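Enquirer: Okay, so here is final_1.cif, and as you'll see once you scroll down, it has mmCIF, C-alpha atoms and all ligand atoms.
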```
data_target
loop_
_atom_site.label_atom_id
_atom_site.label_comp_id
_atom_site.auth_asym_id
_atom_site.auth_seq_id
_atom_site.Cartn_x
_atom_site.Cartn_y
_atom_site.Cartn_z
CA MET K 29 -18.12 16.98 10.63
CA SER K 30 -15.79 19.83 9.72
CA ALA K 31 -12.46 18.70 8.26
CA SER K 32 -10.69 21.02 10.71
CA ARG K 33 -11.81 19.17 13.85
CA ARG K 34 -8.55 18.16 15.57
CA ALA K 35 -8.14 15.23 17.96
CA PHE K 36 -5.04 14.48 20.03
CA ILE K 37 -4.51 10.89 21.17
CA THR K 38 -1.91 9.88 23.76
CA GLY K 39 -1.10 6.17 23.52
CA ILE K 40 -1.83 6.14 19.78
CA SER K 41 0.60 3.23 19.27
CA GLY K 42 -1.38 1.06 21.73
CA GLN K 43 -4.34 -1.22 21.08
CA ASP K 44 -7.06 1.36 21.74
CA GLY K 45 -5.12 4.26 20.24
CA SER K 46 -4.87 2.47 16.90
CA TYR K 47 -8.62 1.68 16.75
CA LEU K 48 -9.54 5.19 17.88
CA ALA K 49 -7.24 6.82 15.29
CA GLU K 50 -8.89 4.76 12.54
CA PHE K 51 -12.35 5.66 13.80
CA LEU K 52 -11.64 9.40 14.06
CA LEU K 53 -9.98 9.49 10.62
CA SER K 54 -13.08 7.81 9.19
CA LYS K 55 -15.11 10.65 10.73
CA GLY K 56 -12.98 13.29 9.02
CA TYR K 57 -10.85 14.38 11.99
CA GLU K 58 -7.30 15.60 11.73
CA VAL K 59 -5.64 13.18 14.15
CA HIS K 60 -2.50 13.93 16.14
CA GLY K 61 -0.84 11.17 18.14
CA MET K 62 1.81 11.23 20.83
CA LEU K 63 4.64 8.69 20.65
CA ARG K 64 7.25 8.21 23.34
CA ARG K 65 10.84 7.73 22.35
CA THR K 66 11.80 4.06 22.06
CA SER K 67 14.89 2.44 20.55
CA ASN K 68 12.66 0.64 18.04
CA LEU K 69 9.90 2.59 16.31
CA SER K 70 6.81 1.04 17.91
CA ARG K 71 4.23 1.80 15.25
CA THR K 72 3.15 -1.63 14.07
CA ARG K 73 -0.50 -1.12 15.06
CA ILE K 74 -0.76 2.12 13.06
CA ASP K 75 1.43 1.16 10.10
CA GLY K 76 -1.73 0.39 8.12
CA LEU K 77 -2.88 4.00 8.44
CA PHE K 78 0.37 5.23 6.92
CA GLU K 79 0.04 2.70 4.10
CA GLN K 80 -3.44 4.08 3.41
CA GLY K 81 -1.86 7.54 2.97
CA ALA K 82 -3.34 9.19 6.06
CA ALA K 83 0.02 10.72 6.92
CA SER K 84 0.88 12.04 3.46
CA ASP K 85 -2.28 14.15 3.27
CA GLY K 86 -1.71 15.53 6.79
CA CYS K 87 -4.74 13.81 8.37
CA LEU K 88 -2.49 11.86 10.74
CA GLN K 89 0.49 13.47 12.43
CA LEU K 90 2.75 12.00 15.11
CA HIS K 91 4.67 13.91 17.77
CA TYR K 92 7.20 12.92 20.38
CA GLY K 93 6.20 13.39 24.02
CA ASP K 94 5.89 11.49 27.26
CA MET K 95 3.33 11.42 30.07
CA THR K 96 6.18 11.78 32.58
CA ASP K 97 7.39 14.99 30.89
CA SER K 98 4.78 17.64 31.67
CA MET K 99 6.51 20.27 29.54
CA SER K 100 6.09 18.04 26.49
CA LEU K 101 2.34 17.93 27.20
CA VAL K 102 2.14 21.73 27.52
CA ARG K 103 4.05 22.14 24.25
CA LEU K 104 1.92 19.64 22.33
CA ILE K 105 -1.41 21.07 23.49
CA ARG K 106 -0.20 24.57 22.58
CA ASP K 107 1.07 23.48 19.13
CA ILE K 108 -1.77 21.14 18.13
CA GLN K 109 -4.62 23.25 19.58
CA PRO K 110 -6.87 20.17 19.74
CA HIS K 111 -10.64 20.25 20.10
CA GLU K 112 -10.64 16.79 21.69
CA VAL K 113 -7.95 15.02 23.75
CA TYR K 114 -8.11 11.26 24.35
CA ASN K 115 -5.71 10.32 27.14
CA LEU K 116 -5.03 6.62 26.52
CA ALA K 117 -1.31 6.46 27.40
CA ALA K 118 -0.54 4.21 30.36
CA GLN K 119 1.68 1.57 31.85
CA SER K 120 -1.38 -0.62 31.45
CA HIS K 121 -0.20 -4.02 32.71
CA VAL K 122 -1.59 -4.82 36.16
CA ARG K 123 1.00 -7.43 37.27
CA ILE K 124 3.91 -5.30 36.04
CA SER K 125 2.55 -2.40 38.12
CA PHE K 126 3.55 -4.38 41.22
CA GLU K 127 7.13 -4.39 39.89
CA GLN K 128 7.08 -0.74 38.76
CA PRO K 129 4.65 1.03 41.13
CA ASN K 130 6.44 4.36 41.04
CA TYR K 131 6.64 4.57 37.25
CA THR K 132 3.03 3.38 36.96
CA ALA K 133 1.94 6.23 39.27
CA GLU K 134 3.95 8.80 37.31
CA VAL K 135 2.31 7.82 34.02
CA CYS K 136 -1.23 6.85 35.11
CA ALA K 137 -1.74 9.35 37.95
CA LEU K 138 0.53 12.40 37.69
CA GLY K 139 0.57 12.20 33.90
CA VAL K 140 -3.20 12.84 33.90
CA LEU K 141 -2.73 15.86 36.14
CA GLY K 142 -0.04 17.20 33.79
CA MET K 143 -2.37 16.85 30.82
CA LEU K 144 -5.31 18.48 32.60
CA ASP K 145 -3.11 21.43 33.61
CA ALA K 146 -1.82 21.79 30.05
CA ILE K 147 -5.42 21.87 28.76
CA ARG K 148 -6.60 24.30 31.44
CA GLU K 149 -3.77 26.70 30.69
CA PHE K 150 -4.34 26.49 26.91
CA GLN K 151 -8.09 27.05 27.28
CA HIS K 152 -7.43 30.04 29.53
CA GLN K 153 -4.94 31.59 27.08
CA SER K 154 -6.80 30.86 23.83
CA GLY K 155 -10.48 30.76 24.81
CA GLN K 156 -10.83 27.56 22.75
CA GLU K 157 -12.69 24.68 24.42
CA VAL K 158 -10.78 21.39 24.65
CA ARG K 159 -12.83 18.30 25.49
CA PHE K 160 -10.98 15.63 27.48
CA TYR K 161 -11.43 11.86 27.70
CA GLN K 162 -9.70 9.91 30.49
CA ALA K 163 -9.14 6.15 30.14
CA SER K 164 -10.34 4.98 33.55
CA SER K 165 -10.52 1.29 34.34
CA SER K 166 -12.73 -1.35 35.92
CA GLU K 167 -9.57 -2.35 37.80
CA MET K 168 -10.51 0.56 40.12
CA PHE K 169 -13.43 -1.53 41.43
CA GLY K 170 -10.92 -4.15 42.60
CA LYS K 171 -12.32 -6.01 45.60
CA VAL K 172 -15.86 -5.44 44.43
CA THR K 173 -18.63 -4.55 46.85
CA GLU K 174 -21.52 -5.15 44.43
CA SER K 175 -22.07 -6.97 41.17
CA PRO K 176 -22.50 -5.94 38.44
CA GLN K 177 -20.44 -2.77 38.87
CA ARG K 178 -21.90 0.55 37.77
CA GLU K 179 -20.88 4.23 38.03
CA THR K 180 -22.02 4.40 41.67
CA THR K 181 -20.18 1.26 42.86
CA PRO K 182 -17.49 2.14 45.45
CA PHE K 183 -13.88 1.83 44.31
CA ALA K 184 -11.50 -0.58 46.08
CA PRO K 185 -8.39 -0.97 43.89
CA ARG K 186 -6.11 -3.99 44.41
CA SER K 187 -2.99 -3.03 42.47
CA PRO K 188 -0.62 -0.07 42.08
CA TYR K 189 -2.14 0.29 38.59
CA GLY K 190 -5.68 0.42 40.02
CA VAL K 191 -4.65 2.97 42.65
CA ALA K 192 -2.89 5.16 40.06
CA LYS K 193 -5.88 4.97 37.71
CA LEU K 194 -8.13 6.00 40.58
CA TYR K 195 -6.05 9.16 41.07
CA GLY K 196 -6.35 9.85 37.33
CA HIS K 197 -10.10 9.31 37.58
CA TRP K 198 -10.66 11.56 40.60
CA ILE K 199 -8.41 14.36 39.34
CA THR K 200 -10.45 14.35 36.12
CA VAL K 201 -13.66 14.69 38.17
CA ASN K 202 -11.99 17.38 40.27
CA TYR K 203 -10.91 19.51 37.27
CA ARG K 204 -14.40 19.17 35.78
CA GLU K 205 -16.01 20.36 39.02
CA SER K 206 -13.39 22.98 39.94
CA TYR K 207 -12.61 24.56 36.57
CA GLY K 208 -15.58 23.59 34.41
CA LEU K 209 -13.50 21.48 31.99
CA HIS K 210 -15.44 19.27 29.58
CA ALA K 211 -13.71 16.21 31.05
CA SER K 212 -15.24 12.71 30.98
CA SER K 213 -13.99 9.32 32.12
CA GLY K 214 -14.84 5.99 30.59
CA ILE K 215 -14.65 3.26 33.23
CA LEU K 216 -13.82 0.59 30.70
CA PHE K 217 -13.98 -3.12 31.42
CA ASN K 218 -11.47 -5.41 29.70
CA HIS K 219 -11.48 -5.08 25.94
CA GLU K 220 -9.41 -7.11 23.54
CA SER K 221 -8.68 -7.60 19.85
CA PRO K 222 -6.10 -9.13 17.52
CA ARG K 223 -4.00 -6.03 18.39
CA ARG K 224 -4.00 -6.78 22.14
CA GLY K 225 -0.54 -6.83 23.74
CA GLU K 226 0.89 -10.35 23.82
CA ASN K 227 1.27 -10.43 27.63
CA PHE K 228 -2.42 -9.88 28.42
CA VAL K 229 -4.20 -13.13 29.09
CA THR K 230 -6.59 -13.26 26.10
CA ARG K 231 -3.86 -12.68 23.54
CA LYS K 232 -1.42 -14.93 25.38
CA VAL K 233 -3.98 -17.75 25.16
CA THR K 234 -5.13 -17.16 21.56
CA GLN K 235 -1.54 -16.90 20.36
CA ALA K 236 -0.57 -20.08 22.22
CA ALA K 237 -3.58 -22.01 20.85
CA ALA K 238 -2.57 -20.98 17.32
CA ARG K 239 1.12 -21.76 17.75
CA ILE K 240 0.49 -25.10 19.47
CA LYS K 241 -1.91 -26.06 16.68
CA LEU K 242 0.79 -25.29 14.10
CA GLY K 243 3.43 -27.22 16.05
CA LEU K 244 5.43 -24.07 16.91
CA GLU K 245 4.94 -24.38 20.71
CA LYS K 246 4.22 -27.27 23.06
CA THR K 247 2.64 -25.65 26.15
CA ILE K 248 1.45 -22.37 27.67
CA THR K 249 2.15 -21.28 31.27
CA LEU K 250 -0.51 -19.24 33.08
CA GLY K 251 -1.37 -17.96 36.56
CA ASN K 252 -4.87 -17.84 38.08
CA LEU K 253 -7.42 -19.64 35.86
CA ASP K 254 -10.38 -18.85 38.15
CA ALA K 255 -10.40 -15.05 37.69
CA ARG K 256 -13.44 -13.81 35.74
CA ARG K 257 -13.51 -10.80 33.43
CA ASP K 258 -16.11 -8.96 31.34
CA TRP K 259 -14.29 -9.09 27.98
CA GLY K 260 -15.43 -6.95 25.02
CA PHE K 261 -14.04 -5.86 21.65
CA ALA K 262 -11.72 -2.81 21.55
CA GLY K 263 -13.22 -1.63 18.24
CA ASP K 264 -16.60 -1.24 19.97
CA PHE K 265 -15.18 0.43 23.06
CA VAL K 266 -13.35 3.30 21.29
CA LYS K 267 -16.68 4.41 19.80
CA ALA K 268 -17.97 4.95 23.35
CA MET K 269 -15.00 7.26 24.04
CA TRP K 270 -15.94 9.45 21.10
CA CYS K 271 -19.65 9.45 22.06
CA MET K 272 -18.76 10.79 25.52
CA LEU K 273 -17.03 13.83 24.03
CA GLN K 274 -20.01 14.60 21.76
CA GLN K 275 -22.33 15.13 24.76
CA ASP K 276 -23.21 18.66 25.90
CA THR K 277 -22.43 17.69 29.48
CA PRO K 278 -19.32 15.75 30.54
CA ASP K 279 -19.83 12.72 32.75
CA ASP K 280 -18.44 9.29 33.70
CA TYR K 281 -19.63 6.07 32.09
CA VAL K 282 -19.14 2.34 32.66
CA ILE K 283 -18.46 0.59 29.34
CA ALA K 284 -18.87 -3.20 29.45
CA THR K 285 -20.63 -6.11 27.78
CA GLY K 286 -22.53 -7.33 30.85
CA SER K 287 -21.31 -10.92 30.72
CA SER K 288 -18.22 -12.47 32.26
CA HIS K 289 -16.10 -15.57 31.73
CA SER K 290 -13.24 -17.20 33.59
CA VAL K 291 -9.69 -17.51 32.29
CA ARG K 292 -10.33 -21.28 32.25
CA GLU K 293 -13.35 -20.78 29.93
CA LEU K 294 -11.21 -18.54 27.74
CA CYS K 295 -8.65 -21.37 27.41
CA GLN K 296 -11.40 -23.89 26.70
CA PHE K 297 -12.97 -21.80 23.89
CA ALA K 298 -9.66 -20.85 22.28
CA PHE K 299 -8.24 -24.38 22.23
CA GLU K 300 -11.56 -25.94 21.19
CA HIS K 301 -11.59 -23.62 18.19
CA VAL K 302 -8.41 -25.28 16.90
CA GLY K 303 -9.63 -28.77 17.85
CA LEU K 304 -7.52 -29.17 21.01
CA ASP K 305 -8.25 -29.78 24.71
CA TYR K 306 -6.62 -26.97 26.77
CA ARG K 307 -6.02 -29.37 29.70
CA ASP K 308 -3.32 -31.11 27.65
CA TYR K 309 -1.32 -27.87 27.17
CA VAL K 310 -1.89 -25.40 30.04
CA GLU K 311 0.72 -25.35 32.81
CA HIS K 312 0.73 -23.27 35.98
CA ASP K 313 3.39 -20.90 37.32
CA VAL K 314 2.95 -18.62 40.35
CA ARG K 315 5.09 -16.03 38.53
CA PHE K 316 1.96 -15.12 36.58
CA GLU K 317 -0.16 -14.59 39.70
CA ARG K 318 -0.55 -11.21 41.40
CA PRO K 319 0.17 -10.31 45.06
CA ALA K 320 -3.51 -9.26 45.23
CA GLU K 321 -6.00 -10.48 42.64
CA VAL K 322 -9.23 -8.98 41.33
CA ASP K 323 -11.44 -12.07 41.30
CA HIS K 324 -14.49 -11.08 39.31
CA LEU K 325 -15.36 -8.05 37.19
CA LEU K 326 -18.77 -7.63 35.57
CA GLY K 327 -20.04 -4.30 34.26
CA ASP K 328 -23.47 -2.71 33.93
CA ALA K 329 -23.37 -0.25 31.00
CA THR K 330 -27.04 0.83 31.25
CA LYS K 331 -26.12 4.52 31.62
CA ALA K 332 -24.00 4.44 28.43
CA GLN K 333 -26.76 2.58 26.60
CA GLU K 334 -29.37 5.14 27.63
CA ASN K 335 -27.36 8.39 27.36
CA LEU K 336 -24.88 7.59 24.58
CA GLY K 337 -26.84 4.98 22.62
CA TRP K 338 -23.79 2.73 22.93
CA ASN K 339 -24.01 -1.06 22.71
CA PRO K 340 -21.34 -3.74 22.23
CA SER K 341 -21.54 -5.58 18.90
CA VAL K 342 -19.08 -8.48 19.43
CA HIS K 343 -19.75 -11.30 21.88
CA PHE K 344 -17.07 -13.16 23.83
CA GLN K 345 -16.99 -16.32 21.70
CA ASP K 346 -16.82 -14.31 18.45
CA LEU K 347 -14.05 -12.15 19.90
CA ILE K 348 -11.95 -15.19 20.82
CA VAL K 349 -12.51 -16.77 17.39
CA MET K 350 -11.46 -13.46 15.75
CA MET K 351 -8.26 -13.43 17.83
CA VAL K 352 -7.38 -17.11 17.31
CA GLU K 353 -7.94 -16.82 13.54
CA SER K 354 -5.73 -13.74 13.39
CA ASP K 355 -3.00 -15.49 15.40
CA LEU K 356 -3.21 -18.58 13.18
CA LYS K 357 -2.67 -16.37 10.13
CA ARG K 358 0.22 -14.49 11.72
CA ALA K 359 1.94 -17.67 12.95
CA ALA K 360 1.59 -19.34 9.53
CA GLU K 361 3.04 -16.26 7.79
CA ARG K 362 6.01 -16.15 10.19
CA ARG K 363 6.63 -19.86 9.70
CA GLU K 364 6.82 -19.36 5.92
CA ASN K 365 9.26 -16.41 6.15
P1 LIG K 401 -1.75 -0.42 25.60
O1 LIG K 401 -1.97 -1.24 24.39
O2 LIG K 401 -0.83 -0.91 26.68
O3 LIG K 401 -1.24 1.02 25.10
C1 LIG K 401 -0.69 1.95 25.99
C2 LIG K 401 -0.15 3.13 25.20
O4 LIG K 401 0.44 4.05 26.13
C3 LIG K 401 0.96 2.76 24.20
O5 LIG K 401 0.80 3.55 23.05
C4 LIG K 401 2.22 3.13 24.95
O6 LIG K 401 3.31 3.42 24.11
C5 LIG K 401 1.75 4.39 25.65
N1 LIG K 401 2.60 4.78 26.77
C6 LIG K 401 3.01 4.01 27.80
N2 LIG K 401 3.77 4.73 28.65
C7 LIG K 401 3.84 5.99 28.14
C8 LIG K 401 4.48 7.18 28.54
N3 LIG K 401 5.23 7.24 29.64
N4 LIG K 401 4.32 8.28 27.79
C9 LIG K 401 3.58 8.23 26.63
N5 LIG K 401 2.97 7.12 26.19
C10 LIG K 401 3.09 6.01 26.94
O7 LIG K 401 -3.14 -0.09 26.33
P2 LIG K 401 -4.63 -0.18 25.74
O8 LIG K 401 -5.16 -1.55 26.00
O9 LIG K 401 -4.66 0.40 24.39
O10 LIG K 401 -5.40 0.76 26.77
C11 LIG K 401 -5.55 2.16 26.51
C12 LIG K 401 -5.85 2.89 27.82
O11 LIG K 401 -7.05 2.37 28.38
C13 LIG K 401 -4.80 2.73 28.91
O12 LIG K 401 -4.77 3.92 29.63
C14 LIG K 401 -5.32 1.61 29.78
O13 LIG K 401 -4.81 1.72 31.08
C15 LIG K 401 -6.81 1.89 29.70
N6 LIG K 401 -7.70 0.74 29.87
C16 LIG K 401 -7.53 -0.35 29.07
C17 LIG K 401 -8.41 -1.42 29.19
C18 LIG K 401 -8.28 -2.65 28.32
O14 LIG K 401 -8.90 -3.66 28.65
N7 LIG K 401 -7.57 -2.58 27.21
C19 LIG K 401 -9.45 -1.35 30.13
C20 LIG K 401 -9.58 -0.21 30.92
C21 LIG K 401 -8.71 0.84 30.76
P3 LIG K 401 4.29 2.23 23.55
O15 LIG K 401 3.62 1.70 22.32
O16 LIG K 401 5.56 2.97 23.29
O17 LIG K 401 4.40 1.21 24.63
O1 LIG K 402 -5.27 -9.91 30.78
P1 LIG K 402 -4.93 -9.39 32.12
O2 LIG K 402 -3.49 -9.11 32.39
O3 LIG K 402 -5.86 -8.13 32.37
P2 LIG K 402 -6.27 -7.33 33.71
O4 LIG K 402 -5.33 -7.58 34.82
O5 LIG K 402 -7.71 -7.60 33.96
O6 LIG K 402 -6.06 -5.82 33.23
C1 LIG K 402 -6.56 -5.38 31.97
O7 LIG K 402 -7.88 -4.93 32.14
C2 LIG K 402 -8.02 -3.77 32.98
C3 LIG K 402 -9.53 -3.45 33.05
O8 LIG K 402 -10.10 -4.13 34.14
C4 LIG K 402 -7.23 -2.65 32.36
F1 LIG K 402 -7.41 -1.49 33.08
C5 LIG K 402 -5.76 -3.02 32.30
O9 LIG K 402 -5.03 -1.97 31.68
C6 LIG K 402 -5.63 -4.28 31.46
O10 LIG K 402 -5.97 -3.97 30.13
O11 LIG K 402 -5.40 -10.44 33.24
C7 LIG K 402 -6.75 -10.88 33.31
C8 LIG K 402 -6.84 -12.01 34.34
C9 LIG K 402 -6.22 -11.65 35.69
O12 LIG K 402 -7.08 -12.08 36.71
C10 LIG K 402 -4.94 -12.45 35.74
O13 LIG K 402 -4.54 -12.84 37.06
O14 LIG K 402 -6.10 -13.13 33.86
C11 LIG K 402 -5.34 -13.67 34.92
N1 LIG K 402 -4.19 -14.39 34.37
C12 LIG K 402 -3.95 -15.73 34.55
N2 LIG K 402 -2.80 -16.06 33.96
C13 LIG K 402 -3.19 -13.88 33.65
C14 LIG K 402 -2.31 -14.94 33.38
N3 LIG K 402 -2.96 -12.63 33.18
C15 LIG K 402 -1.84 -12.43 32.44
N4 LIG K 402 -1.60 -11.18 31.94
N5 LIG K 402 -0.94 -13.42 32.18
C16 LIG K 402 -1.13 -14.71 32.63
O15 LIG K 402 -0.31 -15.59 32.40
#
```
Here is a file; write its structure as structure tokens.
Expert:
Amino acid sequence: MSASRRAFITGISGQDGSYLAEFLLSKGYEVHGMLRRTSNLSRTRIDGLFEQGAASDGCLQLHYGDMTDSMSLVRLIRDIQPHEVYNLAAQSHVRISFEQPNYTAEVCALGVLGMLDAIREFQHQSGQEVRFYQASSSEMFGKVTESPQRETTPFAPRSPYGVAKLYGHWITVNYRESYGLHASSGILFNHESPRRGENFVTRKVTQAAARIKLGLEKTITLGNLDARRDWGFAGDFVKAMWCMLQQDTPDDYVIATGSSHSVRELCQFAFEHVGLDYRDYVEHDVRFERPAEVDHLLGDATKAQENLGWNPSVHFQDLIVMMVESDLKRAAERREN
């Protein structure tokens, strides 16, 4: 790998962005990340990279921009001249997308179009190929018509987020077919880690199990316990993104573990790990339910296994143990400070 290979990651401060930045730096890339302006610097997930000196030697550079500001995307593509763009930025919370459907569409749908146009224009002007990865989602399968879901399964989104992601997905296909862009989409099933946002269900549960064990909380309030998801490890999933952009031909791939569990099973595993029975602590509130639910997602990643050589390395139980242990450590540290 040449040291001059440049990658541009939108959403670098998010869960996946932080794992992908680490992975690309380990491969010798010069990594550029887009941050949106916030009143607090939201860099906690990538602080470690700065501590390791990635920024001081120029391997990691951050830039301000926003998916809703297409001119910022044009400027960044022109200035960075990336070889690979990973578009991970999103309003990624499904329930919140019902409260902010317009904003969700601006970021997750029109934002993708803005990025594709910026890349197309730069390629046209410079003659340099830019490979593009779009973070598509299993949420697009929604009210599923077959199980497990694969690349050919019809889409039937059930949330403003799912609908917006579907636009992002189809416009990526359209620019590939219309303008010959090297543009690929990963249709990623749920993937989690100790860096998962605290209002997604896995992290909410692992954090609660840890804090209840340490006497810092008494209960946890959840919505639908019967929903089932195919949960994998984010560190595994970002490798699939990179693999897609190393192929001669761009394409779309389902990335999943191939096994699913209910939210109830998640609670059971997480609480059992700290020696507790979840039934003594879990309360219900309709506030955490969605106007329309996706009941069961289960992915078939055969195409990625065959074409990319990709396989998940972390199983559900190990993932939940990893997250609970990390939350126990964090809660204990906070208690001491
Ligand atoms: P995440 O932790 O919520 O990170 C989202 C990132 O997008 C953050 O860096 C966030 O910045 C940034 N962002 C949000 N709005 C923006 C805007 N208007 N302009 C620029 N940046 C903006 O999400 P994730 O779990 O890492 O997921 C990465 C991508 O994969 C997302 O597109 C998500 O929809 C998709 N996806 C995720 C999963 C999953 O299970 N994790 C599955 C399928 C698809 P702040 O830090 O400032 O908030
Ligand atoms: O953790 P969740 O919020 O993830 P969801 O809705 O599946 O979305 C995640 O995965 C998608 C891929 O399919 C991504 F595209 C998306 O960006 C995001 O990363 O909820 C999982 C399940 C749902 O069925 C929800 O109804 O858990 C159920 N749930 C029950 N109680 C809850 C809660 N979810 C949340 N967030 N909070 C609860 O209290």
Enquirer: Give as a VMD selection string each residue that has an atom at most 9 Å from (0.2, 8.7, 41.4) in the file, counting only C-alpha atoms.
Expert: chain K and resid 129 to 139 188 191 to 196
Enquirer: Extract, using only C-alpha atoms, all DNA, RNA and protein residues at most 12 Å from Leu356 of chain K, discarding same-chain residues fewer than 5 positions from it, and format them as a list in words.
Expert: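 Listed by chain and then number, they are Pro222, Arg231, Thr234, Gln235, Ala236, Ala237, Ala238, Arg239, Ile240, Lys241, Leu242, Gly243, Leu244, Ala298, Phe299, His301, Val302, Val349, Met350, Met351, Glu361, Arg362 and Arg363 of chain K.
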Enquirer: Please report, as CSV, each residue of chain K lying at most 7 Å from ligand LIG 401 (chain K), together with the nearest pair of atoms and the separation in Å rounded to one decimal; use only C-alpha atoms and all ligand atoms, and order rows by chain and ascending residue number.
Expert:
```
residue,atom,partner,partner_atom,distance
K:Thr38,CA,K:LIG401,N5,6.1
K:Gly39,CA,K:LIG401,O5,3.3
K:Ile40,CA,K:LIG401,O5,4.9
K:Ser41,CA,K:LIG401,O5,3.8
K:Gly42,CA,K:LIG401,O3,3.4
K:Gln43,CA,K:LIG401,O9,3.7
K:Asp44,CA,K:LIG401,O9,3.7
K:Gly45,CA,K:LIG401,O9,5.7
K:Met62,CA,K:LIG401,C9,6.8
K:Leu63,CA,K:LIG401,N5,6.0
K:Arg64,CA,K:LIG401,C9,4.9
K:Thr66,CA,K:LIG401,O16,6.5
K:Ser70,CA,K:LIG401,O15,5.5
K:Gly93,CA,K:LIG401,C9,6.3
K:Asp94,CA,K:LIG401,N4,3.6
K:Met95,CA,K:LIG401,N4,4.0
K:Thr96,CA,K:LIG401,N3,5.5
K:Asn115,CA,K:LIG401,O12,6.9
K:Leu116,CA,K:LIG401,C12,4.0
K:Ala117,CA,K:LIG401,O4,3.2
K:Ala118,CA,K:LIG401,O12,4.3
K:Gln119,CA,K:LIG401,C6,4.9
K:Ser120,CA,K:LIG401,O13,4.2
K:His121,CA,K:LIG401,O2,6.8
K:Val135,CA,K:LIG401,N3,5.3
K:Ala163,CA,K:LIG401,O11,4.7
K:Ser164,CA,K:LIG401,C21,5.3
K:Ser165,CA,K:LIG401,C20,3.9
K:Ser166,CA,K:LIG401,C20,6.0
K:Ile215,CA,K:LIG401,C20,6.6
K:Leu216,CA,K:LIG401,C20,4.3
K:Phe217,CA,K:LIG401,C19,5.0
K:Asn218,CA,K:LIG401,O14,3.3
K:His219,CA,K:LIG401,O14,4.0
K:Glu220,CA,K:LIG401,N7,6.1
K:Arg224,CA,K:LIG401,O1,6.3
K:Gly225,CA,K:LIG401,O1,5.8
```
Enquirer: Selection from above, C-alpha atoms, as a tab-separated table (two decimals), keeping the file's coordinate frame, can you write it?
Expert:
```tsv
chain	number	residue	atom	x	y	z
K	38	THR	CA	-1.91	9.88	23.76
K	39	GLY	CA	-1.10	6.17	23.52
K	40	ILE	CA	-1.83	6.14	19.78
K	41	SER	CA	0.60	3.23	19.27
K	42	GLY	CA	-1.38	1.06	21.73
K	43	GLN	CA	-4.34	-1.22	21.08
K	44	ASP	CA	-7.06	1.36	21.74
K	45	GLY	CA	-5.12	4.26	20.24
K	62	MET	CA	1.81	11.23	20.83
K	63	LEU	CA	4.64	8.69	20.65
K	64	ARG	CA	7.25	8.21	23.34
K	66	THR	CA	11.80	4.06	22.06
K	70	SER	CA	6.81	1.04	17.91
K	93	GLY	CA	6.20	13.39	24.02
K	94	ASP	CA	5.89	11.49	27.26
K	95	MET	CA	3.33	11.42	30.07
K	96	THR	CA	6.18	11.78	32.58
K	115	ASN	CA	-5.71	10.32	27.14
K	116	LEU	CA	-5.03	6.62	26.52
K	117	ALA	CA	-1.31	6.46	27.40
K	118	ALA	CA	-0.54	4.21	30.36
K	119	GLN	CA	1.68	1.57	31.85
K	120	SER	CA	-1.38	-0.62	31.45
K	121	HIS	CA	-0.20	-4.02	32.71
K	135	VAL	CA	2.31	7.82	34.02
K	163	ALA	CA	-9.14	6.15	30.14
K	164	SER	CA	-10.34	4.98	33.55
K	165	SER	CA	-10.52	1.29	34.34
K	166	SER	CA	-12.73	-1.35	35.92
K	215	ILE	CA	-14.65	3.26	33.23
K	216	LEU	CA	-13.82	0.59	30.70
K	217	PHE	CA	-13.98	-3.12	31.42
K	218	ASN	CA	-11.47	-5.41	29.70
K	219	HIS	CA	-11.48	-5.08	25.94
K	220	GLU	CA	-9.41	-7.11	23.54
K	224	ARG	CA	-4.00	-6.78	22.14
K	225	GLY	CA	-0.54	-6.83	23.74
```
Enquirer: Just the number, please: distance in Å from atom CA of Leu325 of chain K to atom O4 of ligand LIG 402 (chain K), one decimal.
Expert: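 Computing it gives 10.3 Å between the two atoms.
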Enquirer: Output as CSV one row per residue of chain K within 6 Å of ligand LIG 402 (chain K): the closest atom pair and its distance in Å to one decimal place, counting all atoms listed in the file, sorted by chain and residue number ascending.
Expert:
```
residue,atom,partner,partner_atom,distance
K:Ser120,CA,K:LIG402,O9,3.9
K:His121,CA,K:LIG402,O9,5.3
K:Val122,CA,K:LIG402,O4,4.8
K:Ser165,CA,K:LIG402,F1,4.4
K:Ser166,CA,K:LIG402,O8,4.2
K:Glu167,CA,K:LIG402,O8,4.1
K:Phe217,CA,K:LIG402,C3,4.8
K:Asn218,CA,K:LIG402,C3,4.3
K:Asn227,CA,K:LIG402,N4,5.2
K:Phe228,CA,K:LIG402,O1,3.7
K:Val229,CA,K:LIG402,O1,3.8
K:Thr230,CA,K:LIG402,O1,5.9
K:Leu250,CA,K:LIG402,O15,3.7
K:Gly251,CA,K:LIG402,N2,3.5
K:Asn252,CA,K:LIG402,C12,4.2
K:Leu253,CA,K:LIG402,C12,5.4
K:Ala255,CA,K:LIG402,O12,4.6
K:Val291,CA,K:LIG402,O14,5.9
K:Phe316,CA,K:LIG402,O15,4.8
K:Glu317,CA,K:LIG402,O13,5.4
K:Val322,CA,K:LIG402,O12,6.0
```
Enquirer: Measuring atom to atom with all atoms listed in the file, identify which of K:Val282, K:Ala359, K:Ala49, K:Met272 is nearest to Leu77 of chain K.
Expert: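 Smallest separation from Leu77 of chain K among the options: K:Ala49.
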Enquirer: K:Thr72, K:Glu245, K:Val352, K:Ala184: which is nearest Gly303 of chain K, counting only C-alpha atoms?
Expert: K:Val352
Enquirer: If you measure from atom CA of Leu347 of chain K to atom CA of Phe297 of chain K, what distance in Å do you get, rounded to one decimal?
Expert: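 Going from atom CA of Leu347 of chain K over to atom CA of Phe297 of chain K, I get 10.5 Å.
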